[in-house]
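Here is the structure we will look at.
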Amino acid sequence: PNRAKLPSQPRYAIPDVRRFVYERDAGQCQYCGNMVSYDQANIDHVVPWHVGGRSITANMVLACKPCNKLKGRQSIPMELRPNYTGITA
């Protein structure tokens, strides 16, 4: 597929980034608002990785497994993005 990512960019959050996102989002799924244990948490790319979303904290949010599965590979409209910080990809 056509990806606009850097060749060395990781897809998955490294442990330090995962912990940072979990703590920043206070253990709460950023889509449904439910509390999620660290072990059950998913780290989701707001702008999907497959379309060039970067694996940076500004593009990552905490999600529960059901919400992450429901979102899948979809992009979230700009006005509905959780923790929006001005990123575009």
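So you can find residues: chains in the structure tokens are A, B, ... in the order shown, residues in each start at 1, and ligands are numbered from 1 in order.
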Region 34-36 of chain A environment, 12 Å, only C-alpha atoms, sequence neighbours closer than 4 positions dropped, as a list in words: Tyr22, Glu23, Asp25, Ala26, Gly27, Gln28, Cys29, Gln30, Gln40, Ala41, Asn42, Ile43, Leu62, Ala63, Cys64, Lys65, Pro66 and Cys67 of chain A
Can I get the selection written as an mmCIF file, in the first residue's frame, with N, CA, C and O atoms?
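Saved the output as selection-v6.cif:
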```cif
data_model
loop_
_atom_site.group_PDB
_atom_site.id
_atom_site.type_symbol
_atom_site.label_atom_id
_atom_site.label_comp_id
_atom_site.auth_asym_id
_atom_site.auth_seq_id
_atom_site.Cartn_x
_atom_site.Cartn_y
_atom_site.Cartn_z
ATOM 1 N N TYR A 22 -1.092 6.221 28.635
ATOM 2 C CA TYR A 22 -2.012 5.721 29.655
ATOM 3 C C TYR A 22 -2.169 6.747 30.786
ATOM 4 O O TYR A 22 -3.283 7.056 31.200
ATOM 5 N N GLU A 23 -1.063 7.278 31.259
ATOM 6 C CA GLU A 23 -1.120 8.252 32.351
ATOM 7 C C GLU A 23 -1.722 9.576 31.893
ATOM 8 O O GLU A 23 -2.520 10.182 32.613
ATOM 9 N N ASP A 25 -3.940 10.070 29.635
ATOM 10 C CA ASP A 25 -5.381 9.893 29.458
ATOM 11 C C ASP A 25 -6.059 9.355 30.719
ATOM 12 O O ASP A 25 -7.244 9.025 30.704
ATOM 13 N N ALA A 26 -5.293 9.289 31.808
ATOM 14 C CA ALA A 26 -5.806 8.929 33.130
ATOM 15 C C ALA A 26 -6.563 7.606 33.150
ATOM 16 O O ALA A 26 -7.548 7.450 33.864
ATOM 17 N N GLY A 27 -6.094 6.633 32.346
ATOM 18 C CA GLY A 27 -6.709 5.312 32.355
ATOM 19 C C GLY A 27 -8.116 5.275 31.785
ATOM 20 O O GLY A 27 -8.851 4.310 31.998
ATOM 21 N N GLN A 28 -8.476 6.287 31.029
ATOM 22 C CA GLN A 28 -9.841 6.394 30.503
ATOM 23 C C GLN A 28 -9.841 6.284 28.984
ATOM 24 O O GLN A 28 -9.086 6.988 28.297
ATOM 25 N N CYS A 29 -10.712 5.402 28.461
ATOM 26 C CA CYS A 29 -10.867 5.288 27.012
ATOM 27 C C CYS A 29 -11.297 6.643 26.463
ATOM 28 O O CYS A 29 -12.260 7.245 26.954
ATOM 29 N N GLN A 30 -10.588 7.124 25.471
ATOM 30 C CA GLN A 30 -10.862 8.441 24.921
ATOM 31 C C GLN A 30 -12.032 8.447 23.939
ATOM 32 O O GLN A 30 -12.395 9.497 23.424
ATOM 33 N N GLN A 40 -5.323 -4.071 30.013
ATOM 34 C CA GLN A 40 -6.388 -4.219 29.020
ATOM 35 C C GLN A 40 -6.449 -3.056 28.021
ATOM 36 O O GLN A 40 -7.245 -3.076 27.092
ATOM 37 N N ALA A 41 -5.610 -2.053 28.230
ATOM 38 C CA ALA A 41 -5.648 -0.863 27.387
ATOM 39 C C ALA A 41 -5.033 -1.101 26.015
ATOM 40 O O ALA A 41 -4.070 -1.847 25.876
ATOM 41 N N ASN A 42 -5.613 -0.464 25.023
ATOM 42 C CA ASN A 42 -5.036 -0.397 23.679
ATOM 43 C C ASN A 42 -4.571 1.036 23.463
ATOM 44 O O ASN A 42 -5.200 1.970 23.947
ATOM 45 N N ILE A 43 -3.492 1.199 22.732
ATOM 46 C CA ILE A 43 -3.054 2.526 22.323
ATOM 47 C C ILE A 43 -3.435 2.656 20.853
ATOM 48 O O ILE A 43 -3.025 1.858 20.021
ATOM 49 N N LEU A 62 -5.558 6.532 24.462
ATOM 50 C CA LEU A 62 -5.934 5.301 25.144
ATOM 51 C C LEU A 62 -7.325 4.891 24.678
ATOM 52 O O LEU A 62 -8.223 5.725 24.592
ATOM 53 N N ALA A 63 -7.482 3.622 24.383
ATOM 54 C CA ALA A 63 -8.785 3.100 23.959
ATOM 55 C C ALA A 63 -9.024 1.744 24.611
ATOM 56 O O ALA A 63 -8.084 0.978 24.802
ATOM 57 N N CYS A 64 -10.287 1.479 24.938
ATOM 58 C CA CYS A 64 -10.622 0.132 25.390
ATOM 59 C C CYS A 64 -10.650 -0.765 24.152
ATOM 60 O O CYS A 64 -10.751 -0.281 23.019
ATOM 61 N N LYS A 65 -10.540 -2.057 24.349
ATOM 62 C CA LYS A 65 -10.495 -2.973 23.212
ATOM 63 C C LYS A 65 -11.739 -2.891 22.330
ATOM 64 O O LYS A 65 -11.622 -2.854 21.102
ATOM 65 N N PRO A 66 -12.969 -2.839 22.922
ATOM 66 C CA PRO A 66 -14.158 -2.746 22.051
ATOM 67 C C PRO A 66 -14.163 -1.478 21.190
ATOM 68 O O PRO A 66 -14.497 -1.541 20.002
ATOM 69 N N CYS A 67 -13.781 -0.336 21.754
ATOM 70 C CA CYS A 67 -13.772 0.906 20.967
ATOM 71 C C CYS A 67 -12.688 0.870 19.892
ATOM 72 O O CYS A 67 -12.913 1.309 18.763
#
```
Mind listing the alpha helix (DSSP H) residues of region 14-51 of chain A, per DSSP on the backbone, as a compact mmCIF listing (two decimals) with C-alpha atoms, in the first residue's frame?
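As written to disk, part-v6.txt reads:
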```txt
# COMPACT_ATOMS: atom_id res chain seq x y z
CA PRO A 15 6.62 0.71 26.66
CA ASP A 16 7.61 4.26 27.73
CA VAL A 17 5.21 5.80 25.21
CA ARG A 18 2.46 3.38 26.18
CA ARG A 19 2.87 4.33 29.86
CA PHE A 20 2.90 8.06 28.98
CA VAL A 21 -0.33 7.81 26.95
CA TYR A 22 -2.01 5.72 29.66
CA GLU A 23 -1.12 8.25 32.35
CA ARG A 24 -1.92 11.31 30.19
```
